[in-house]
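J.: Take a look at this one; I'll ask things after.
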Amino acid sequence: MVKWLKVGGAVVVTLALVLILNSRAGMIPALGPFVNPISGFWQSAEPQHEPGAVWLRAEGLRDSVLVVFDDRRVPHIFARNDHDVYFAQGFVTAQDRLWQMDLQVRGAAGRLSEVLGEQTVALDRAERRRGMLWGAQNKIEAYQQQPELMEIIDAYTAGVNAFISQLPRREIPLEFKLLGYKPEPFEPINVALMHMNMASTLAGGTSAVRMSHMRAALGDAFLDRFLPAHPVEMDPIIPPGTQWPAPSLTPGPAPDPFSPTLLSDAAGDLHRLPDPSLGSNSWAVHGSRTETGRPLLANDMHLEMTMPAIWYEVQLNAPGLNVYGVSIPGIPSVIVGFNEDVAWGVTNSGANVLDVYEVTFRDRSLTEYLHEGEWKPTRMVIEEIGVRGSAAVQDTVWYTHHGPVVVLDRDRLRGQASQWMAHRGTTDLRTFFTLNRARGYEDFTAALPYFETPAQNFTYADRHGNISLWHNGLFPLRWEGMGDFISDGSSAAYDWQAFVPRNEVPRITNPDLGFVSSANQNPAAPDYPYYLGRFFSSFERGARINERLAEMNNADWRDMQALQNDDLSLRAREGLPVMLDLLRSSDGFQNLSAPDLDLVEKLEAWDYEMKADEHAPVIFNEWLRQIRSNLWDIPLSGLLPQHRRVPEYIRTIQVLADPAEYTYIIDNFAPVPAAAPADLSALVMKSWDDAIAELTRRMGEERRLWRWWRYQQVRIMHLTRIEPLSRMSIRTDGATEAVNSMRGTNGPSWRMVVSLEDEIRAWGVYPGGQSGSPGSRHYDNFIEPWARGELFPLHFFRTPEEAMSWLQTARDNPTFPE
């Protein structure tokens with residue numbers, strides 16, 4: 001009996017283990033398949049690839065394709081026709097980044113819940129309501145009308161699927177096993193969804209809802225004074241004094257200001273705010289100012305840094321095509337890079353290409369909405385969201401002629417619809433297919449009109465000596481202020497009725513200045529005849545780049561690299577002397593402790609450079625943050641249901657320099673003036689105490705540990721947000737407002753310098769590695785050089801024979817020199 005009880009107990013335990021090991025709880029995978037020795041997670045450890053060459057073997061190729069992987073695992077693809085070069089690009093990209101492509105496509109389509117469960121339903125619903133899938137469908141339909149473009153998308157798609165079809169179960173990427181699902185076939189619409197992802201990141205935000213709340217609480221006088229459309233300190237992309245021709249189109253007259261129904265803050269949050277920490281730098285220097293007598297081009301794009309990385313390095317070589325640069329996994333072609341004749345880089349435009357419209361419905365059925373005095377029909381779409389482990393969730397999205405209704409208040413018969421340039425059926429990828437093959441300036445300008453959104457500043461240089469910069473995109477024709485606030489969806493005066501003509505966008509070519517540059521700031525001075533929006537990046541990075549470039553003569557690529565790593569903060573150079581003067585004049589200065597006075601001395605001796613191991617940047621940044629909070633929070637907190645810290649830091653500094661501005665704020669906006677510090681000296685002193693208290697709380701009593709790199713906490717998170725797969729607390733210089741723009745999870749996602757000589761030379765780096773597999777040494781091997789500001793020489797081969805010759809040398813000499 002005891003024997004059988006033991007056997008029975010063992011069977012029960014075994015069955016329980018089988019059940020547990022093959023069951024999933026939330027995001028925790030079923031442990032049985034995950035630890036299976038044949039197909040589990042350890043089978044995902046990637047071989048430690050060395051430089052090598054392979055003849056690609058896959059069903060669907062039309063001819064032989066050679067892929068040479070260099071010492072950093074960058075694939076150099078040599079094909080004999082266009083179909084095969086894009087097929088191979090899809091294949092090798094999937095080989096390194098399959099899970100990343102799958103997750104980002106699902107995110108854009110609002111399909112995360114199919115694999116992640118109930119926790120992402122709200123996110124999927126929001127993406128459906130924002131029209132992400134609708135926009136992708138419109139784009140793929142447009143591509144289908146142009147067979148030569150669709151053939152490229154189909155070839156890339158076939159390459160991805162060829163890799164998936166021959167992928168052994170045991171080698172499925174780790175994240176699929178960790179999350180307990182399998183890759184699905186790649187579809188052509190996924191290319192358009194990845195484009196929508198890019199548009200969402202760079203041009204999918206709006207401040208209209210926030211601005212409408214602020215206007216209602218504070219009035220236009222406050223907004224015009226502290227949130228001006230044309231800041232006086234701005235050094236615009238196109239230099240002031242540029243002569244503009246008379247505009248060929250003019251908008252209709254601006255209507256009287258519209259007072260929208262202010263829905264709840266929570267509802268308004270469904271409209272994404274632009275991320276002020278996203279930004280980029282790009283410039284080109286004319287040969288008259290360079291050591292070689294040929295142009296130099298530099299680009300570093302600042303985005304949220306992720307693992308796997310946003311970008312994937314690649315060279316594509318086929319008849320009429322030889323291009324090198326970075327691609328976006330899931331999109332064929334090179335997005336930023338160079339070929340044998342030209343180079344180009346991009347920075348985000350920041351122009352307003354998304355408007356929010358208040359929609360009035362006739363009744364609770366929502367089948368009709370008001371426009372120009374008539375009730376017009378809405379279009380209803382039932383969205384079904386699959387949910388892993390639960391029943392599918394249905395959501396109804398209503399469409400007006402503006403676009404999808406993102407926020408809905410059925411009780412008040414009101415909604416907020418979004419009209420977004422990314423919803424249009426466009427063939428933007430033609431721009432990159434054309435740029436990849438460009439031979440000179442005419443090809444460059446011919447490529448730009450196809451790219452509508454996300455609008456970008458395209459910086460250009462070529463071997464023939466030309467440099468240029470175009471603020472490129474399709475921009476609605478606007479009267480001054482149109483789109484800054486929630487628009488009246490019932491009035492045609494707010495409709496997009498025309499667009500800025502392509503040949504009248506801000507642009508400049510071969511200026512006498514000897515360089516062109518952009519850093520997301522205002523594209524042009526106030527005399528530019530078209531209104532492009534109210535919010536662009538703050539002045540600091542653009543002004544610092546122009547300051548440095550104006551000083552350069554006989555520049556070489558190392559000067560470009562040094563400028564990309566420039567850490568000087570114009571914010572500190574402008575603000576710190578004012579802050580210190582006010583501190584010294586305050587009543588509490590004489591009572592500062594010896595340790596506090598030591599910090600003051602560090603600030604007085606500081607050179608305004610945001611170096612990793614310095615103390616002064618920590619004190620300055622936290623002190624200014626507290627000043628900003630105390631300056632705006634107390635006066636405005638009683639007027640806004642949720643304080644929105646909108647004024648730029650530079651506006652805070654300008655108030656510190658002018659006591660009359662502080663008096664204006666207190667007199668006009670403080671509900672309880674006695675709650676605010678009496679004057680600026682008192683405010684600065686209070687903020688000093690607040691800063692020291694916050695730093696002590698956050699970083700500890702030991703002040704010698706208050707180092708800048710610890711404060712700004714640069715980190716690169718895995719897309720799952722699992723810390724062991726991420727890189728935390730990276731020691732690096734830089735700051736949000738510096739040219740080397742760095743803070744938290746945002747930073748330079750790709751740095752590139754190109755010297756446009758007869759034999760083009762180029763250098764680059766991004767924070768991550770080519771492989772998406774955490775088991776590969778190519779997963780994160782670029783991070784340390786990137787953090788130190790180093791650049792790798794980019795191996796740009798003209799022929800497969802040249803690539804094979806390099807490979808043989810590399811094998812003979814593993815420490816292959818620059």
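Just so we're on the same page: first chain in the structure tokens is A, next is B, and so on; residues restart at 1 for each chain, and ligands are numbered from 1 in the order they show up.
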Quick one: residues within 12 Å of Glu148 of chain A, only C-alpha atoms counted, chain neighbours fewer than 3 positions away excluded, as number ranges by chain?

T.: A: 82-83, 142-145, 151-155, 427, 429-430, 433

J.: Mind checking DSSP for segment 46-173 of chain A and telling me the helix (DSSP H, G or I) residues as a PyMOL selection string?

T.: chain A and resi 82-109+113-116+118-129+132-144+147-165+169-171

J.: Would you mind exporting the chosen residues as a CSV table (one decimal), in the first residue's frame, restricted to C-alpha atoms?

T.:
```csv
chain,number,residue,atom,x,y,z
A,82,ASP,CA,17.0,44.8,-57.7
A,83,HIS,CA,14.7,41.9,-56.7
A,84,ASP,CA,17.5,40.0,-55.1
A,85,VAL,CA,19.2,42.9,-53.3
A,86,TYR,CA,15.9,43.7,-51.5
A,87,PHE,CA,15.1,40.0,-51.0
A,88,ALA,CA,18.5,39.6,-49.4
A,89,GLN,CA,18.1,42.7,-47.2
A,90,GLY,CA,14.8,41.3,-45.9
A,91,PHE,CA,16.5,37.9,-45.2
A,92,VAL,CA,19.6,39.2,-43.4
A,93,THR,CA,17.6,41.8,-41.4
A,94,ALA,CA,15.2,39.1,-40.2
A,95,GLN,CA,18.2,36.9,-39.4
A,96,ASP,CA,19.3,39.5,-36.9
A,97,ARG,CA,16.1,41.4,-35.9
A,98,LEU,CA,13.1,39.1,-36.4
A,99,TRP,CA,11.5,39.5,-33.0
A,100,GLN,CA,12.0,43.3,-33.1
A,101,MET,CA,10.2,43.5,-36.4
A,102,ASP,CA,7.3,41.4,-35.2
A,103,LEU,CA,6.8,43.4,-32.0
A,104,GLN,CA,6.9,46.8,-33.7
A,105,VAL,CA,4.5,45.8,-36.4
A,106,ARG,CA,2.1,44.4,-33.8
A,107,GLY,CA,2.5,47.6,-31.8
A,108,ALA,CA,1.7,49.8,-34.8
A,109,ALA,CA,-1.3,47.7,-35.9
A,113,SER,CA,-2.7,41.9,-26.9
A,114,GLU,CA,-2.8,38.9,-29.2
A,115,VAL,CA,0.6,37.9,-27.6
A,116,LEU,CA,0.8,39.9,-24.4
A,118,GLU,CA,-5.1,42.0,-21.3
A,119,GLN,CA,-2.4,44.4,-20.1
A,120,THR,CA,-2.0,45.9,-23.6
A,121,VAL,CA,-5.7,46.2,-24.6
A,122,ALA,CA,-5.8,49.9,-23.8
A,123,LEU,CA,-2.7,50.5,-25.9
A,124,ASP,CA,-4.1,48.5,-28.8
A,125,ARG,CA,-7.4,50.4,-28.6
A,126,ALA,CA,-5.5,53.8,-28.7
A,127,GLU,CA,-3.5,52.8,-31.8
A,128,ARG,CA,-6.7,51.7,-33.6
A,129,ARG,CA,-8.4,55.0,-32.7
A,132,MET,CA,-2.4,53.6,-37.4
A,133,LEU,CA,-3.7,50.6,-39.3
A,134,TRP,CA,-6.0,52.7,-41.4
A,135,GLY,CA,-3.0,54.9,-42.5
A,136,ALA,CA,-1.0,51.8,-43.3
A,137,GLN,CA,-3.8,50.4,-45.4
A,138,ASN,CA,-4.0,53.6,-47.3
A,139,LYS,CA,-0.3,53.6,-48.0
A,140,ILE,CA,-0.1,50.0,-49.2
A,141,GLU,CA,-3.0,50.7,-51.6
A,142,ALA,CA,-1.1,53.6,-53.0
A,143,TYR,CA,2.0,51.4,-53.5
A,144,GLN,CA,-0.1,48.8,-55.3
A,147,PRO,CA,4.1,48.2,-59.6
A,148,GLU,CA,7.9,49.1,-59.6
A,149,LEU,CA,7.6,50.1,-55.9
A,150,MET,CA,5.4,47.2,-55.0
A,151,GLU,CA,7.9,44.8,-56.5
A,152,ILE,CA,10.6,46.1,-54.0
A,153,ILE,CA,8.2,45.7,-51.1
A,154,ASP,CA,7.2,42.2,-52.2
A,155,ALA,CA,10.9,41.2,-52.7
A,156,TYR,CA,11.8,42.4,-49.2
A,157,THR,CA,8.7,40.6,-47.7
A,158,ALA,CA,9.7,37.4,-49.5
A,159,GLY,CA,13.2,37.6,-48.1
A,160,VAL,CA,11.9,37.9,-44.5
A,161,ASN,CA,9.5,35.0,-45.1
A,162,ALA,CA,12.3,32.9,-46.6
A,163,PHE,CA,14.3,33.3,-43.4
A,164,ILE,CA,11.2,32.4,-41.3
A,165,SER,CA,10.5,29.3,-43.3
A,169,ARG,CA,12.3,25.8,-33.9
A,170,ARG,CA,15.3,25.5,-31.6
A,171,GLU,CA,16.8,28.7,-33.1
```

J.: With only C-alpha atoms as the counted atoms, please give the residues lying no more than 7 Å from Asn348 of chain A, apart from itself and same-chain residues fewer than 4 positions off, as a ChimeraX atom specification.

T.: /A:202,279-280,455-457,520

J.: Just checking: using only C-alpha atoms, which residue out of A:Val600, A:Leu477, A:Val393, A:Val285 ends up closest to Asp512 of chain A?

T.: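 The answer is A:Val285, which sits nearest to Asp512 of chain A.
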
J.: So, counting only C-alpha atoms, which residue among A:Arg414, A:Asn553, A:Ala787, A:Leu631 is closest to Ala678 of chain A?

T.: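 That would be A:Leu631, the residue with the smallest distance to Ala678 of chain A.
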
J.: With only C-alpha atoms as the atoms that count, which of A:Phe792, A:Phe451, A:Phe782, A:Phe432 lies nearest to Arg727 of chain A?

T.: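 Of all the options, A:Phe782 lies closest to Arg727 of chain A.
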
J.: Excluding same-chain residues fewer than 5 positions from Leu532 of chain A, what lies within 10 Å of it counting only C-alpha atoms, as a PDB file with C-alpha atoms, in the first residue's frame?

T.:
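To be explicit, this is the file written out as selection16.pdb:
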```pdb
ATOM      1  CA  ALA A 229       5.698  81.123 -32.074  1.00  0.00           C
ATOM      2  CA  SER A 349      10.933  68.977 -38.815  1.00  0.00           C
ATOM      3  CA  GLY A 350       8.630  69.547 -35.855  1.00  0.00           C
ATOM      4  CA  ALA A 351       6.147  71.347 -38.115  1.00  0.00           C
ATOM      5  CA  ASN A 352       2.499  70.833 -37.234  1.00  0.00           C
ATOM      6  CA  VAL A 353       1.042  68.056 -39.393  1.00  0.00           C
ATOM      7  CA  PHE A 475       2.523  71.145 -44.959  1.00  0.00           C
ATOM      8  CA  PRO A 476      -1.094  72.321 -44.701  1.00  0.00           C
ATOM      9  CA  LEU A 477      -1.662  75.921 -45.774  1.00  0.00           C
ATOM     10  CA  ARG A 478      -2.396  77.703 -42.494  1.00  0.00           C
ATOM     11  CA  TRP A 479      -3.331  81.096 -41.199  1.00  0.00           C
ATOM     12  CA  GLU A 480      -1.215  82.219 -38.229  1.00  0.00           C
ATOM     13  CA  GLY A 481      -2.016  80.008 -35.249  1.00  0.00           C
ATOM     14  CA  MET A 482      -4.115  77.460 -37.153  1.00  0.00           C
ATOM     15  CA  GLY A 483      -3.782  74.067 -35.488  1.00  0.00           C
ATOM     16  CA  VAL A 500       2.499  74.810 -49.133  1.00  0.00           C
ATOM     17  CA  VAL A 505       9.367  75.207 -48.581  1.00  0.00           C
ATOM     18  CA  ASN A 522      12.408  76.959 -36.219  1.00  0.00           C
ATOM     19  CA  PRO A 523      12.922  76.409 -39.945  1.00  0.00           C
ATOM     20  CA  ALA A 524      12.917  80.106 -40.883  1.00  0.00           C
TER      21      ALA A 524
END
```

J.: Could you tell me how far atom CA of Arg215 of chain A sits from atom CA of Asp679 of chain A, in Å to one decimal place?

T.: 26.2 Å

J.: Please list as a list in words every residue within 10 Å of segment 231-235 of chain A, counting only C-alpha atoms and excluding residues in the same chain fewer than 6 positions away.

T.: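 So, after excluding close chain neighbours, the residues are Asp224, Arg225, Ser518, Gln521, Asn522, Pro523, Ala524, Ala525, Pro526, Arg534, Phe535, Phe536, Ser537, Ser538, Phe539, Glu540, Arg541, Gly542, Ala543, Arg544, Asn546, Ile650 and Arg651 of chain A.
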
J.: Would you export the selected residues with N, CA and C atoms as a tab-separated table (two decimals), in the first residue's frame, please?

T.:
```tsv
chain	number	residue	atom	x	y	z
A	224	ASP	N	1.28	84.16	-25.68
A	224	ASP	CA	2.11	84.92	-26.61
A	224	ASP	C	3.40	85.41	-25.95
A	225	ARG	N	3.31	85.67	-24.65
A	225	ARG	CA	4.48	86.20	-23.94
A	225	ARG	C	5.48	85.11	-23.58
A	518	SER	N	20.97	72.01	-39.15
A	518	SER	CA	19.64	71.97	-38.52
A	518	SER	C	19.73	71.18	-37.24
A	521	GLN	N	15.24	73.24	-34.78
A	521	GLN	CA	14.74	74.55	-34.39
A	521	GLN	C	13.80	75.11	-35.46
A	522	ASN	N	13.29	76.33	-35.24
A	522	ASN	CA	12.41	76.96	-36.22
A	522	ASN	C	13.06	76.93	-37.59
A	523	PRO	N	12.31	76.54	-38.62
A	523	PRO	CA	12.92	76.41	-39.95
A	523	PRO	C	13.32	77.73	-40.57
A	524	ALA	N	12.64	78.82	-40.23
A	524	ALA	CA	12.92	80.11	-40.88
A	524	ALA	C	12.53	81.24	-39.95
A	525	ALA	N	13.00	82.43	-40.28
A	525	ALA	CA	12.68	83.64	-39.52
A	525	ALA	C	11.20	84.00	-39.72
A	526	PRO	N	10.67	84.92	-38.90
A	526	PRO	CA	9.24	85.26	-38.99
A	526	PRO	C	8.80	85.80	-40.34
A	534	ARG	N	3.80	76.22	-34.16
A	534	ARG	CA	4.22	77.06	-33.04
A	534	ARG	C	5.42	76.49	-32.28
A	535	PHE	N	5.55	75.17	-32.28
A	535	PHE	CA	6.53	74.55	-31.39
A	535	PHE	C	7.63	73.84	-32.17
A	536	PHE	N	8.84	74.34	-32.01
A	536	PHE	CA	10.03	73.68	-32.53
A	536	PHE	C	11.00	73.55	-31.35
A	537	SER	N	12.14	72.92	-31.58
A	537	SER	CA	13.08	72.72	-30.48
A	537	SER	C	13.64	74.05	-29.98
A	538	SER	N	14.09	74.02	-28.73
A	538	SER	CA	14.71	75.19	-28.14
A	538	SER	C	15.99	75.56	-28.89
A	539	PHE	N	16.48	76.74	-28.67
A	539	PHE	CA	17.52	77.32	-29.50
A	539	PHE	C	18.91	76.74	-29.29
A	540	GLU	N	19.16	76.06	-28.15
A	540	GLU	CA	20.53	75.83	-27.71
A	540	GLU	C	21.38	75.03	-28.70
A	541	ARG	N	20.89	73.86	-29.12
A	541	ARG	CA	21.73	73.02	-29.97
A	541	ARG	C	22.04	73.70	-31.30
A	542	GLY	N	21.01	74.26	-31.93
A	542	GLY	CA	21.22	74.91	-33.22
A	542	GLY	C	22.19	76.07	-33.13
A	543	ALA	N	22.04	76.88	-32.08
A	543	ALA	CA	22.93	78.04	-31.92
A	543	ALA	C	24.37	77.60	-31.67
A	544	ARG	N	24.54	76.54	-30.87
A	544	ARG	CA	25.89	76.07	-30.58
A	544	ARG	C	26.55	75.48	-31.83
A	546	ASN	N	25.99	76.28	-34.97
A	546	ASN	CA	26.35	77.39	-35.86
A	546	ASN	C	27.54	78.17	-35.31
A	650	ILE	N	14.69	78.32	-21.30
A	650	ILE	CA	15.24	79.64	-21.66
A	650	ILE	C	14.27	80.74	-21.24
A	651	ARG	N	12.96	80.46	-21.28
A	651	ARG	CA	12.00	81.47	-20.84
A	651	ARG	C	12.13	81.68	-19.33
```

J.: Give me, as a ChimeraX atom specification, all polymer residues having an atom no more than 12 Å from Leu725 of chain A, counting only C-alpha atoms and skipping those fewer than 4 positions away in the same chain.

T.: /A:174-175,178,306-308,715-721,768,772-776,779-780

J.: Please compute the atom CA of His213 of chain A-atom CA of Ala254 of chain A distance, one decimal, in Å.

T.: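 These two atoms are separated by 20.4 Å.
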
J.: Compile the contact shell of Asn621 of chain A as number ranges by chain: residues with an atom at most 9 Å away, counting only C-alpha atoms, same-chain residues fewer than 5 positions apart removed.

T.: A: 572, 616, 626

J.: Save the residues we just selected, C-alpha atoms, as a PDB file, in the first residue's frame?

T.:
```pdb
ATOM      1  CA  ALA A 572      24.151  77.017 -18.414  1.00  0.00           C
ATOM      2  CA  ALA A 616      28.639  71.171 -11.352  1.00  0.00           C
ATOM      3  CA  GLN A 626      13.559  73.617  -9.028  1.00  0.00           C
TER       4      GLN A 626
END
```

J.: Considering only C-alpha atoms, state which residue in the set A:Gln561, A:Asn299, A:Gln146, A:Asn740 is at the smallest distance from Ala284 of chain A.

T.: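 Result for the nearest residue to Ala284 of chain A: A:Asn299.
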
J.: Which residue, A:Leu316, A:Val381, A:Ile665, A:Val578, has the smallest gap to Val67 of chain A when you use only C-alpha atoms?

T.: A:Leu316
